[in-house]
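Structure file target.pdb (PDB, C-alpha atoms and all ligand atoms) is printed below.
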```
ATOM      1  CA  MET A   1       2.230  26.006  33.955
ATOM      2  CA  ALA A   2       4.370  24.686  31.101
ATOM      3  CA  ASP A   3       3.138  21.444  29.539
ATOM      4  CA  ASP A   4       6.204  19.214  29.438
ATOM      5  CA  ARG A   5       4.481  16.119  28.025
ATOM      6  CA  PRO A   6       6.228  14.754  24.910
ATOM      7  CA  LEU A   7       5.011  16.378  21.689
ATOM      8  CA  ILE A   8       3.476  14.185  18.981
ATOM      9  CA  VAL A   9       3.155  15.876  15.601
ATOM     10  CA  VAL A  10       0.425  14.479  13.352
ATOM     11  CA  ALA A  11       1.543  15.182   9.775
ATOM     12  CA  ASP A  12      -1.129  13.244   7.848
ATOM     13  CA  GLY A  13      -4.832  12.798   8.601
ATOM     14  CA  ILE A  14      -5.467   9.823  10.872
ATOM     15  CA  ASP A  15      -8.452   8.626  12.877
ATOM     16  CA  GLN A  16      -9.470  11.366  15.340
ATOM     17  CA  GLY A  17     -10.533   8.922  18.056
ATOM     18  CA  ALA A  18      -7.006   7.528  18.089
ATOM     19  CA  VAL A  19      -5.490  11.011  18.342
ATOM     20  CA  ALA A  20      -7.759  11.795  21.310
ATOM     21  CA  ALA A  21      -6.322   8.806  23.183
ATOM     22  CA  LEU A  22      -2.945  10.546  23.024
ATOM     23  CA  SER A  23      -3.936  14.141  23.701
ATOM     24  CA  GLU A  24      -6.193  13.211  26.620
ATOM     25  CA  GLY A  25      -3.362  11.153  28.062
ATOM     26  CA  PRO A  26       0.381  11.380  28.277
ATOM     27  CA  CYS A  27       1.186  13.495  25.193
ATOM     28  CA  ARG A  28       0.684  16.901  23.672
ATOM     29  CA  VAL A  29      -0.569  16.540  20.128
ATOM     30  CA  VAL A  30      -0.330  19.092  17.354
ATOM     31  CA  ASP A  31      -2.153  18.879  14.033
ATOM     32  CA  ALA A  32       0.270  19.598  11.177
ATOM     33  CA  THR A  33      -1.771  18.074   8.391
ATOM     34  CA  ALA A  34      -1.974  21.251   6.295
ATOM     35  CA  GLY A  35       1.334  20.599   4.525
ATOM     36  CA  PHE A  36       5.010  21.295   5.112
ATOM     37  CA  ASP A  37       4.452  24.891   6.256
ATOM     38  CA  SER A  38       2.297  23.602   9.098
ATOM     39  CA  LEU A  39       4.750  20.811   9.932
ATOM     40  CA  ARG A  40       8.038  22.688   9.904
ATOM     41  CA  PRO A  41       7.526  24.902  13.014
ATOM     42  CA  HIS A  42       6.878  21.829  15.196
ATOM     43  CA  LEU A  43       9.669  19.558  14.013
ATOM     44  CA  GLY A  44      12.269  21.052  16.368
ATOM     45  CA  SER A  45      10.349  20.027  19.477
ATOM     46  CA  ALA A  46       8.698  16.823  18.192
ATOM     47  CA  TRP A  47       9.248  13.623  20.206
ATOM     48  CA  GLY A  48       7.027  11.600  17.889
ATOM     49  CA  LEU A  49       5.766  12.016  14.323
ATOM     50  CA  ILE A  50       2.677  10.300  12.896
ATOM     51  CA  VAL A  51       2.462   9.949   9.101
ATOM     52  CA  ARG A  52       0.530   8.059   6.457
ATOM     53  CA  SER A  53       2.066   7.883   2.962
ATOM     54  CA  ARG A  54       1.688  11.534   1.909
ATOM     55  CA  THR A  55       4.461  13.016   4.082
ATOM     56  CA  LYS A  56       7.931  12.075   2.860
ATOM     57  CA  VAL A  57      10.228  11.720   5.852
ATOM     58  CA  THR A  58      13.548  12.543   4.244
ATOM     59  CA  ARG A  59      17.003  12.928   5.783
ATOM     60  CA  GLU A  60      16.455  16.708   5.552
ATOM     61  CA  ILE A  61      13.210  16.498   7.541
ATOM     62  CA  LEU A  62      14.950  14.346  10.150
ATOM     63  CA  GLY A  63      17.676  17.003  10.317
ATOM     64  CA  LEU A  64      15.021  19.529  11.366
ATOM     65  CA  ALA A  65      13.852  17.243  14.188
ATOM     66  CA  PRO A  66      16.772  16.774  16.613
ATOM     67  CA  ASN A  67      14.536  15.559  19.470
ATOM     68  CA  LEU A  68      12.570  13.055  17.381
ATOM     69  CA  LYS A  69      12.562   9.547  18.887
ATOM     70  CA  ILE A  70       9.822   7.748  16.991
ATOM     71  CA  ILE A  71       8.004   7.859  13.655
ATOM     72  CA  ALA A  72       4.667   6.067  13.582
ATOM     73  CA  ARG A  73       3.490   5.105  10.094
ATOM     74  CA  ALA A  74      -0.291   4.617  10.201
ATOM     75  CA  GLY A  75      -0.226   2.025   7.431
ATOM     76  CA  VAL A  76       1.946  -0.718   5.950
ATOM     77  CA  GLY A  77       4.543   0.622   3.486
ATOM     78  CA  VAL A  78       7.494   2.610   4.867
ATOM     79  CA  ASP A  79       8.886   3.626   1.468
ATOM     80  CA  ASN A  80       7.972   7.263   2.255
ATOM     81  CA  ILE A  81      10.452   7.195   5.157
ATOM     82  CA  ASP A  82      14.226   7.295   4.653
ATOM     83  CA  MET A  83      14.779   4.203   6.789
ATOM     84  CA  LYS A  84      18.563   4.416   6.593
ATOM     85  CA  ALA A  85      18.545   8.033   7.777
ATOM     86  CA  ALA A  86      16.110   7.216  10.597
ATOM     87  CA  THR A  87      18.152   4.221  11.721
ATOM     88  CA  ASP A  88      21.454   6.164  11.496
ATOM     89  CA  ARG A  89      19.878   8.796  13.720
ATOM     90  CA  GLY A  90      18.495   6.191  16.156
ATOM     91  CA  VAL A  91      14.887   7.160  15.388
ATOM     92  CA  LEU A  92      12.555   4.211  15.851
ATOM     93  CA  VAL A  93       9.999   3.566  13.088
ATOM     94  CA  VAL A  94       6.810   1.629  13.854
ATOM     95  CA  ASN A  95       3.905   0.857  11.531
ATOM     96  CA  ALA A  96       0.474  -0.764  11.448
ATOM     97  CA  PRO A  97       1.049  -3.739   9.152
ATOM     98  CA  ALA A  98      -2.212  -5.590   9.811
ATOM     99  CA  ALA A  99      -4.691  -2.714   9.890
ATOM    100  CA  ALA A 100      -5.657  -2.630   6.212
ATOM    101  CA  THR A 101      -5.428  -6.317   5.282
ATOM    102  CA  THR A 102      -9.174  -6.908   4.924
ATOM    103  CA  SER A 103      -9.820  -3.601   3.157
ATOM    104  CA  VAL A 104      -7.090  -4.086   0.553
ATOM    105  CA  ALA A 105      -8.089  -7.730   0.047
ATOM    106  CA  GLU A 106     -11.702  -6.740  -0.588
ATOM    107  CA  LEU A 107     -10.699  -3.943  -2.962
ATOM    108  CA  SER A 108      -8.456  -6.334  -4.907
ATOM    109  CA  ILE A 109     -11.234  -8.866  -5.398
ATOM    110  CA  ALA A 110     -13.629  -6.087  -6.455
ATOM    111  CA  LEU A 111     -11.070  -4.962  -9.056
ATOM    112  CA  TYR A 112     -10.537  -8.529 -10.347
ATOM    113  CA  ILE A 113     -14.284  -8.877 -10.935
ATOM    114  CA  LEU A 114     -14.610  -5.430 -12.531
ATOM    115  CA  LEU A 115     -11.769  -6.377 -14.876
ATOM    116  CA  VAL A 116     -12.706  -9.902 -15.918
ATOM    117  CA  ARG A 117     -16.392  -9.001 -16.353
ATOM    118  CA  ASP A 118     -15.215  -5.889 -18.264
ATOM    119  CA  LEU A 119     -17.744  -3.829 -16.339
ATOM    120  CA  LEU A 120     -16.336  -0.329 -16.735
ATOM    121  CA  GLY A 121     -17.580   0.072 -20.346
ATOM    122  CA  PRO A 122     -21.150  -1.173 -19.681
ATOM    123  CA  ILE A 123     -21.416   0.927 -16.505
ATOM    124  CA  GLY A 124     -20.386   4.056 -18.439
ATOM    125  CA  ALA A 125     -22.671   3.216 -21.374
ATOM    126  CA  THR A 126     -25.657   2.572 -19.077
ATOM    127  CA  ARG A 127     -25.045   5.853 -17.256
ATOM    128  CA  SER A 128     -25.040   7.615 -20.617
ATOM    129  CA  GLY A 129     -28.453   6.202 -21.506
ATOM    130  CA  GLY A 130     -27.312   3.064 -23.333
ATOM    131  CA  TRP A 131     -28.388  -0.521 -22.666
ATOM    132  CA  PRO A 132     -25.463  -2.723 -23.822
ATOM    133  CA  ARG A 133     -26.680  -6.239 -23.058
ATOM    134  CA  GLY A 134     -24.426  -8.207 -25.461
ATOM    135  CA  THR A 135     -22.391 -11.192 -24.270
ATOM    136  CA  HIS A 136     -19.595  -9.677 -22.300
ATOM    137  CA  GLY A 137     -16.668 -10.518 -20.054
ATOM    138  CA  HIS A 138     -15.571 -13.696 -18.307
ATOM    139  CA  GLU A 139     -16.065 -15.395 -14.952
ATOM    140  CA  LEU A 140     -13.537 -15.111 -12.146
ATOM    141  CA  ALA A 141     -14.092 -18.829 -11.567
ATOM    142  CA  GLY A 142     -11.387 -20.818 -13.330
ATOM    143  CA  THR A 143      -8.888 -17.953 -13.508
ATOM    144  CA  THR A 144      -5.342 -18.224 -12.200
ATOM    145  CA  VAL A 145      -4.435 -15.261 -10.012
ATOM    146  CA  GLY A 146      -0.671 -14.780  -9.622
ATOM    147  CA  PHE A 147       0.489 -12.814  -6.595
ATOM    148  CA  ILE A 148       3.839 -11.068  -6.734
ATOM    149  CA  GLY A 149       4.670 -10.673  -3.054
ATOM    150  CA  TYR A 150       2.926 -13.130  -0.748
ATOM    151  CA  GLY A 151       2.524 -11.339   2.580
ATOM    152  CA  ARG A 152      -0.518 -10.755   4.762
ATOM    153  CA  ILE A 153      -2.684  -9.066   2.118
ATOM    154  CA  ALA A 154      -2.023 -11.505  -0.735
ATOM    155  CA  ARG A 155      -2.623 -14.473   1.583
ATOM    156  CA  GLU A 156      -5.937 -12.980   2.668
ATOM    157  CA  ILE A 157      -6.957 -12.501  -0.967
ATOM    158  CA  ALA A 158      -5.932 -16.068  -1.806
ATOM    159  CA  ARG A 159      -8.046 -17.418   1.072
ATOM    160  CA  ARG A 160     -11.030 -15.368  -0.097
ATOM    161  CA  LEU A 161     -10.549 -16.359  -3.757
ATOM    162  CA  LEU A 162     -10.907 -20.088  -3.185
ATOM    163  CA  PRO A 163     -14.731 -19.960  -2.772
ATOM    164  CA  PHE A 164     -14.851 -18.092  -6.101
ATOM    165  CA  GLY A 165     -13.227 -21.073  -7.801
ATOM    166  CA  ALA A 166     -10.117 -19.077  -8.778
ATOM    167  CA  ARG A 167      -6.656 -20.638  -8.464
ATOM    168  CA  PRO A 168      -4.013 -18.635  -6.543
ATOM    169  CA  ILE A 169      -0.298 -19.009  -7.223
ATOM    170  CA  ALA A 170       2.461 -16.808  -5.814
ATOM    171  CA  HIS A 171       6.015 -15.627  -6.287
ATOM    172  CA  ASP A 172       7.889 -14.240  -3.287
ATOM    173  CA  PRO A 173      11.692 -14.207  -3.126
ATOM    174  CA  PHE A 174      11.523 -13.961   0.693
ATOM    175  CA  LEU A 175       9.619 -17.237   1.152
ATOM    176  CA  THR A 176      11.193 -20.673   0.997
ATOM    177  CA  SER A 177       7.977 -22.616   1.536
ATOM    178  CA  SER A 178       4.287 -21.933   1.083
ATOM    179  CA  PRO A 179       2.612 -20.737   4.289
ATOM    180  CA  ASP A 180      -0.860 -21.944   3.272
ATOM    181  CA  GLY A 181      -0.620 -24.411   0.396
ATOM    182  CA  THR A 182      -0.728 -21.789  -2.380
ATOM    183  CA  PRO A 183       1.916 -22.955  -4.893
ATOM    184  CA  LEU A 184       5.054 -20.788  -4.850
ATOM    185  CA  VAL A 185       6.433 -20.545  -8.387
ATOM    186  CA  PRO A 186       9.328 -18.794 -10.168
ATOM    187  CA  LEU A 187       8.482 -15.334 -11.524
ATOM    188  CA  ASP A 188       8.595 -16.475 -15.169
ATOM    189  CA  GLU A 189       6.111 -19.269 -14.478
ATOM    190  CA  LEU A 190       3.784 -16.878 -12.662
ATOM    191  CA  LEU A 191       3.912 -14.380 -15.524
ATOM    192  CA  SER A 192       3.279 -16.972 -18.206
ATOM    193  CA  THR A 193       0.454 -18.853 -16.455
ATOM    194  CA  SER A 194      -1.612 -16.188 -14.648
ATOM    195  CA  ASN A 195      -4.781 -14.617 -16.025
ATOM    196  CA  ILE A 196      -4.496 -11.867 -13.412
ATOM    197  CA  VAL A 197      -1.094 -10.670 -12.132
ATOM    198  CA  SER A 198      -1.699  -8.978  -8.781
ATOM    199  CA  LEU A 199       1.049  -6.912  -7.136
ATOM    200  CA  HIS A 200       1.560  -7.008  -3.362
ATOM    201  CA  ALA A 201       5.303  -6.462  -2.868
ATOM    202  CA  ALA A 202       6.894  -3.706  -0.801
ATOM    203  CA  LEU A 203       8.781  -1.324  -3.081
ATOM    204  CA  SER A 204      12.576  -1.586  -3.086
ATOM    205  CA  GLU A 205      15.372  -0.568  -5.456
ATOM    206  CA  GLU A 206      15.488  -4.211  -6.652
ATOM    207  CA  ASN A 207      11.860  -4.418  -7.761
ATOM    208  CA  ARG A 208      11.305  -0.886  -9.141
ATOM    209  CA  HIS A 209       9.656  -1.324 -12.587
ATOM    210  CA  LEU A 210       9.460  -5.089 -12.096
ATOM    211  CA  ILE A 211       6.470  -5.092 -14.447
ATOM    212  CA  ASP A 212       8.340  -3.729 -17.469
ATOM    213  CA  ALA A 213       8.126  -4.441 -21.205
ATOM    214  CA  PRO A 214      10.132  -7.733 -21.109
ATOM    215  CA  HIS A 215       8.118  -9.089 -18.176
ATOM    216  CA  ILE A 216       4.810  -8.022 -19.758
ATOM    217  CA  ALA A 217       5.911  -9.797 -22.960
ATOM    218  CA  ARG A 218       6.236 -13.039 -20.950
ATOM    219  CA  MET A 219       2.586 -12.836 -19.865
ATOM    220  CA  ARG A 220      -0.176 -14.536 -21.847
ATOM    221  CA  ARG A 221      -1.883 -12.264 -24.347
ATOM    222  CA  GLY A 222      -4.966 -10.899 -22.584
ATOM    223  CA  THR A 223      -3.597 -10.921 -19.024
ATOM    224  CA  TYR A 224      -4.895  -8.380 -16.482
ATOM    225  CA  VAL A 225      -2.561  -6.480 -14.129
ATOM    226  CA  VAL A 226      -3.744  -5.219 -10.743
ATOM    227  CA  ASN A 227      -1.566  -2.917  -8.652
ATOM    228  CA  VAL A 228      -2.725  -2.057  -5.139
ATOM    229  CA  ALA A 229       0.825  -2.000  -3.719
ATOM    230  CA  ARG A 230       3.152   0.743  -4.981
ATOM    231  CA  GLY A 231       3.046   2.560  -8.317
ATOM    232  CA  ALA A 232       6.745   2.264  -9.080
ATOM    233  CA  LEU A 233       6.509  -1.541  -9.245
ATOM    234  CA  VAL A 234       5.111  -0.940 -12.742
ATOM    235  CA  ASP A 235       6.773   0.765 -15.701
ATOM    236  CA  GLU A 236       3.714   2.839 -16.609
ATOM    237  CA  THR A 237       4.937   3.554 -20.163
ATOM    238  CA  ALA A 238       5.283  -0.179 -20.837
ATOM    239  CA  LEU A 239       1.891  -0.852 -19.257
ATOM    240  CA  LEU A 240       0.138   1.716 -21.476
ATOM    241  CA  ALA A 241       1.837   0.342 -24.592
ATOM    242  CA  ALA A 242       0.786  -3.220 -23.708
ATOM    243  CA  LEU A 243      -2.830  -2.101 -23.142
ATOM    244  CA  ASP A 244      -2.835  -0.351 -26.527
ATOM    245  CA  SER A 245      -1.397  -3.400 -28.304
ATOM    246  CA  GLY A 246      -3.811  -5.827 -26.617
ATOM    247  CA  GLN A 247      -1.013  -7.779 -24.919
ATOM    248  CA  LEU A 248      -2.764  -6.769 -21.681
ATOM    249  CA  ALA A 249      -6.560  -6.963 -21.620
ATOM    250  CA  GLY A 250      -6.861  -4.472 -18.776
ATOM    251  CA  ALA A 251      -5.320  -3.059 -15.635
ATOM    252  CA  ALA A 252      -6.617  -1.784 -12.320
ATOM    253  CA  LEU A 253      -4.416   0.758 -10.586
ATOM    254  CA  ASP A 254      -4.877   2.047  -7.048
ATOM    255  CA  VAL A 255      -1.310   3.378  -6.910
ATOM    256  CA  TYR A 256       0.864   5.357  -9.325
ATOM    257  CA  GLU A 257       4.518   6.224  -9.663
ATOM    258  CA  VAL A 258       3.595   9.881  -9.009
ATOM    259  CA  GLU A 259       0.485  10.580  -6.904
ATOM    260  CA  PRO A 260      -1.810  12.103  -7.932
ATOM    261  CA  PRO A 261      -0.813  10.768 -11.374
ATOM    262  CA  VAL A 262       0.428  13.411 -13.798
ATOM    263  CA  ARG A 263      -0.116  11.258 -16.914
ATOM    264  CA  ALA A 264      -3.757  11.636 -17.874
ATOM    265  CA  GLU A 265      -3.774   8.292 -19.796
ATOM    266  CA  LEU A 266      -3.278   6.410 -16.518
ATOM    267  CA  VAL A 267      -6.705   7.472 -15.290
ATOM    268  CA  ARG A 268      -8.465   7.964 -18.644
ATOM    269  CA  HIS A 269      -7.368   4.893 -20.605
ATOM    270  CA  PRO A 270     -10.469   2.856 -21.484
ATOM    271  CA  ARG A 271      -8.785  -0.371 -20.335
ATOM    272  CA  ILE A 272      -7.616   0.974 -16.957
ATOM    273  CA  ILE A 273      -9.775   1.024 -13.845
ATOM    274  CA  PRO A 274      -8.238   3.844 -11.773
ATOM    275  CA  THR A 275      -8.786   4.396  -8.047
ATOM    276  CA  PRO A 276      -7.062   7.116  -5.967
ATOM    277  CA  HIS A 277      -4.868   5.052  -3.568
ATOM    278  CA  LEU A 278      -7.823   4.172  -1.378
ATOM    279  CA  GLY A 279      -7.098   0.505  -0.631
ATOM    280  CA  ALA A 280      -6.590   1.245   3.063
ATOM    281  CA  SER A 281      -9.030   4.121   3.276
ATOM    282  CA  THR A 282     -12.088   2.425   4.768
ATOM    283  CA  HIS A 283     -13.399   3.639   8.131
ATOM    284  CA  GLU A 284     -12.531   0.262   9.662
ATOM    285  CA  ALA A 285      -8.948   0.144   8.375
ATOM    286  CA  GLN A 286      -8.262   3.746   9.358
ATOM    287  CA  GLN A 287      -9.619   3.211  12.871
ATOM    288  CA  ARG A 288      -7.384   0.162  13.222
ATOM    289  CA  ALA A 289      -4.333   1.945  11.772
ATOM    290  CA  GLY A 290      -4.820   4.951  14.089
ATOM    291  CA  SER A 291      -5.379   2.779  17.129
ATOM    292  CA  ASP A 292      -2.460   0.438  16.299
ATOM    293  CA  VAL A 293       0.090   3.262  15.986
ATOM    294  CA  VAL A 294      -1.243   5.125  19.021
ATOM    295  CA  GLN A 295      -1.013   1.967  21.140
ATOM    296  CA  GLU A 296       2.520   1.485  19.822
ATOM    297  CA  LEU A 297       3.451   5.086  20.750
ATOM    298  CA  LEU A 298       2.043   4.549  24.239
ATOM    299  CA  ARG A 299       4.048   1.319  24.589
ATOM    300  CA  ALA A 300       7.193   3.162  23.462
ATOM    301  CA  LEU A 301       6.567   5.938  26.006
ATOM    302  CA  LYS A 302       6.196   3.369  28.785
ATOM    303  CA  ARG A 303       9.220   1.459  27.450
ATOM    304  CA  GLU A 304       7.082  -1.655  27.039
ATOM    305  CA  PRO A 305       7.830  -4.291  24.370
ATOM    306  CA  LEU A 306       6.684  -3.119  20.930
ATOM    307  CA  LYS A 307       4.498  -5.054  18.490
ATOM    308  CA  TYR A 308       5.420  -3.430  15.178
ATOM    309  CA  PRO A 309       8.968  -2.015  15.192
ATOM    310  CA  VAL A 310      10.316  -1.686  11.633
ATOM    311  CA  ASN A 311      13.946  -0.976  12.694
ATOM    312  CA  PRO A 312      14.184  -2.779  16.062
ATOM    313  CA  GLU A 313      17.958  -2.421  15.974
ATOM    314  CA  VAL A 314      17.641   1.121  17.338
ATOM    315  CA  ILE A 315      15.796   0.023  20.487
ATOM    316  CA  GLY A 316      17.941   0.586  23.565
ATOM    317  CA  ARG A 317      20.378   2.894  21.806
ATOM    318  CA  PRO A 318      21.142   5.963  23.943
TER
HETATM  319  C1  LIG A 401      -0.243   1.550   3.184
HETATM  320  O1  LIG A 401       0.931   1.321   2.886
HETATM  321  O2  LIG A 401      -0.660   1.323   4.315
HETATM  322  C2  LIG A 401      -1.183   2.076   2.165
HETATM  323  O3  LIG A 401      -0.587   2.391   0.984
HETATM  324  C3  LIG A 401      -2.132   3.107   2.629
HETATM  325  C4  LIG A 401      -1.604   4.402   3.111
HETATM  326  O4  LIG A 401      -1.201   5.240   2.334
HETATM  327  O5  LIG A 401      -1.592   4.646   4.310
END
```
Entire entry expressed as structure tokens:
Amino acid sequence: MADDRPLIVVADGIDQGAVAALSEGPCRVVDATAGFDSLRPHLGSAWGLIVRSRTKVTREILGLAPNLKIIARAGVGVDNIDMKAATDRGVLVVNAPAAATTSVAELSIALYILLVRDLLGPIGATRSGGWPRGTHGHELAGTTVGFIGYGRIAREIARRLLPFGARPIAHDPFLTSSPDGTPLVPLDELLSTSNIVSLHAALSEENRHLIDAPHIARMRRGTYVVNVARGALVDETALLAALDSGQLAGAALDVYEVEPPVRAELVRHPRIIPTPHLGASTHEAQQRAGSDVVQELLRALKREPLKYPVNPEVIGRP
């Protein structure tokens, strides 16, 4: 007998327990995580599409999916989805905005400490048989950490930084008042007073290369830059030049303009701590992200109110 349950196509690896909740219930599920060749044959009959950040949902991909009703992004950022094309087509996009908050906050604090204590060099030297015990690095206590973008993740970091004795400040053009007492300051003030500039903004055309040569020049000499948000927020050429000149003391990058990064200096530079876009990749965050988007898909199927619609304006359109 033909299986006429709606087809959900899983394009990027997500938590298997979450997928089972769909396939054992009201949906057919197909694994298309092996790249575009595995995805393409299923697009024509897909009702729903689950992605992380690897799959780029372009207007062309949407054109191959005439029956698609919903894209579920198992994560926060939707910059890998052509939101205008999806909305024009009436395809609903949902995400899992809260799933990775703790994981990304913890990673950020780990990176701040690795940077200010300048631990990468001594770790490498000790591994190579050295024993470099000289006076080294600084305390996180007493530092000013400036958040560019003050959403869920940055607020969680700020809350967790207070017991360390660090001072959070934030710049966010979408906020008119501080949600938690952290001072909101103009961008110039943040750049010129922070010891660590930590990026947490969603990527848009307006903030692409926000951290460029002029903005880096406004920072104090010896500032650290941490990017766990999106690579294109930073002009990587300007960042490398500022690390070489000493204007920046160090940087920690979890995200890159092109992933995996094609510029070897971005992962090999002695003053950069590189990680491979793993802020949200803990077991806990991935279970939450999988479960959050699956629950959202089930709500959409039952036409129940949604928790995380990104383009709610399409709801109810024929
Ligand atoms: C996100 O936006 O959720 C993160 O960058 C992690 C991911 O790629 O899913």
Practice problem: Could you tell me, counting only C-alpha atoms and all ligand atoms, which protein and nucleic acid residues lie no more than 6 Å from ligand LIG 401 (chain A), written as a list in words? | Solution: Arg52, Ser53, Gly75, Val76, Gly77 and Ala280 of chain A
Self-check item: Polymer residues at most 12 Å from stretch 199-205 of chain A, all atoms listed in the file, same-chain spacing of 3 or more positions, as a PyMOL selection string
Solution: chain A and resi 76-83+97+101+104-105+108+145-158+170-174+190-191+196+208-211+224-234+251-255+257+279
Quiz prompt | Target residues per the PyMOL selection byres (((chain A and resi 17) around 12) and not hetatm), formatted as a ChimeraX atom specification | solution = /A:13-16,18-24,283,286-292,294
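Interatomic distance, atom CA of A:Gly222 to atom CA of A:Gly250: 7.7 Å.
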Practice problem: To verify the selection step, state as a PyMOL selection string which residues the PyMOL selection byres (((chain A and resi 51) around 8) and not hetatm) yields on this input. | Solution: chain A and resi 10-13+49-50+52-55+71-74
Expand the PyMOL selection byres (((chain A and resi 140) around 8) and not hetatm) into the individual residues it matches in the shown file, reporting them as a PDB file with C-alpha atoms, in the coordinates of the input.
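Generated file (part09.pdb):
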```pdb
ATOM      1  CA  TYR A 112     -10.537  -8.529 -10.347  1.00  0.00           C
ATOM      2  CA  ILE A 113     -14.284  -8.877 -10.935  1.00  0.00           C
ATOM      3  CA  VAL A 116     -12.706  -9.902 -15.918  1.00  0.00           C
ATOM      4  CA  ARG A 117     -16.392  -9.001 -16.353  1.00  0.00           C
ATOM      5  CA  HIS A 138     -15.571 -13.696 -18.307  1.00  0.00           C
ATOM      6  CA  GLU A 139     -16.065 -15.395 -14.952  1.00  0.00           C
ATOM      7  CA  ALA A 141     -14.092 -18.829 -11.567  1.00  0.00           C
ATOM      8  CA  GLY A 142     -11.387 -20.818 -13.330  1.00  0.00           C
ATOM      9  CA  THR A 143      -8.888 -17.953 -13.508  1.00  0.00           C
ATOM     10  CA  PHE A 164     -14.851 -18.092  -6.101  1.00  0.00           C
ATOM     11  CA  GLY A 165     -13.227 -21.073  -7.801  1.00  0.00           C
ATOM     12  CA  ALA A 166     -10.117 -19.077  -8.778  1.00  0.00           C
TER      13      ALA A 166
END
```
Quiz prompt | Neighbour residues at most 10 Å from (-0.2, -21.8, 0.5) (all atoms listed in the file) as a list in words | solution =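 Checked against the point, the hits come out as Tyr150, Arg155, Ala158, Arg159, Pro168, Ile169, Ala170, Ser177, Ser178, Pro179, Asp180, Gly181, Thr182, Pro183 and Leu184 of chain A.
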Limited to C-alpha atoms, could you put the picked residues into a file as a PDB file, keeping the file's coordinate frame?
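That gives us part_0.pdb:
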```pdb
ATOM      1  CA  TYR A 150       2.926 -13.130  -0.748  1.00  0.00           C
ATOM      2  CA  ARG A 155      -2.623 -14.473   1.583  1.00  0.00           C
ATOM      3  CA  ALA A 158      -5.932 -16.068  -1.806  1.00  0.00           C
ATOM      4  CA  ARG A 159      -8.046 -17.418   1.072  1.00  0.00           C
ATOM      5  CA  PRO A 168      -4.013 -18.635  -6.543  1.00  0.00           C
ATOM      6  CA  ILE A 169      -0.298 -19.009  -7.223  1.00  0.00           C
ATOM      7  CA  ALA A 170       2.461 -16.808  -5.814  1.00  0.00           C
ATOM      8  CA  SER A 177       7.977 -22.616   1.536  1.00  0.00           C
ATOM      9  CA  SER A 178       4.287 -21.933   1.083  1.00  0.00           C
ATOM     10  CA  PRO A 179       2.612 -20.737   4.289  1.00  0.00           C
ATOM     11  CA  ASP A 180      -0.860 -21.944   3.272  1.00  0.00           C
ATOM     12  CA  GLY A 181      -0.620 -24.411   0.396  1.00  0.00           C
ATOM     13  CA  THR A 182      -0.728 -21.789  -2.380  1.00  0.00           C
ATOM     14  CA  PRO A 183       1.916 -22.955  -4.893  1.00  0.00           C
ATOM     15  CA  LEU A 184       5.054 -20.788  -4.850  1.00  0.00           C
TER      16      LEU A 184
END
```
Self-check item: Shortest interatomic distance to A:Arg268 - which of A:Leu120, A:Leu306, A:Leu43, A:Val293, counting all atoms listed in the file
Solution: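 When distances to A:Arg268 are compared using all atoms listed in the file, the smallest one comes from A:Leu120.
Here atom CA of A:Pro41 stands at a distance of 9.4 Å from atom CA of A:Leu64.
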Give me the residues within 8 Å of stretch 258-266 of chain A as a tab-separated table (two decimals) with C-alpha atoms, in the coordinates of the input, counting all atoms listed in the file and dropping any in the same chain fewer than 2 places off.
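And here is the file that came out, around-v7.tsv:
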```tsv
chain	number	residue	atom	x	y	z
A	231	GLY	CA	3.05	2.56	-8.32
A	236	GLU	CA	3.71	2.84	-16.61
A	240	LEU	CA	0.14	1.72	-21.48
A	255	VAL	CA	-1.31	3.38	-6.91
A	256	TYR	CA	0.86	5.36	-9.32
A	268	ARG	CA	-8.46	7.96	-18.64
A	269	HIS	CA	-7.37	4.89	-20.60
A	272	ILE	CA	-7.62	0.97	-16.96
A	274	PRO	CA	-8.24	3.84	-11.77
A	276	PRO	CA	-7.06	7.12	-5.97
```
Quiz prompt | Two-atom distance - atom CA of A:Pro309, atom CA of A:Asp37 (Å) | solution =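 Rounded to one decimal, the two atoms are 28.7 Å apart.
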Rebuild stretch 124-128 of chain A to N, CA, C and O atoms - output it as a PDB file, keeping the file's coordinate frame, please.
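Output file part_29.pdb follows:
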```
ATOM      1  N   GLY A 124     -20.414   2.727 -17.823  1.00  0.00           N
ATOM      2  CA  GLY A 124     -20.386   4.056 -18.439  1.00  0.00           C
ATOM      3  C   GLY A 124     -21.489   4.200 -19.476  1.00  0.00           C
ATOM      4  O   GLY A 124     -22.196   5.209 -19.526  1.00  0.00           O
ATOM      5  N   ALA A 125     -21.667   3.144 -20.305  1.00  0.00           N
ATOM      6  CA  ALA A 125     -22.671   3.216 -21.374  1.00  0.00           C
ATOM      7  C   ALA A 125     -24.073   3.301 -20.780  1.00  0.00           C
ATOM      8  O   ALA A 125     -24.924   4.053 -21.259  1.00  0.00           O
ATOM      9  N   THR A 126     -24.317   2.541 -19.699  1.00  0.00           N
ATOM     10  CA  THR A 126     -25.657   2.572 -19.077  1.00  0.00           C
ATOM     11  C   THR A 126     -25.921   3.942 -18.464  1.00  0.00           C
ATOM     12  O   THR A 126     -27.014   4.496 -18.592  1.00  0.00           O
ATOM     13  N   ARG A 127     -24.900   4.497 -17.824  1.00  0.00           N
ATOM     14  CA  ARG A 127     -25.045   5.853 -17.256  1.00  0.00           C
ATOM     15  C   ARG A 127     -25.358   6.889 -18.344  1.00  0.00           C
ATOM     16  O   ARG A 127     -26.015   7.882 -18.078  1.00  0.00           O
ATOM     17  N   SER A 128     -24.811   6.632 -19.542  1.00  0.00           N
ATOM     18  CA  SER A 128     -25.040   7.615 -20.617  1.00  0.00           C
ATOM     19  C   SER A 128     -26.323   7.330 -21.383  1.00  0.00           C
ATOM     20  O   SER A 128     -26.519   7.835 -22.493  1.00  0.00           O
TER      21      SER A 128
END
```
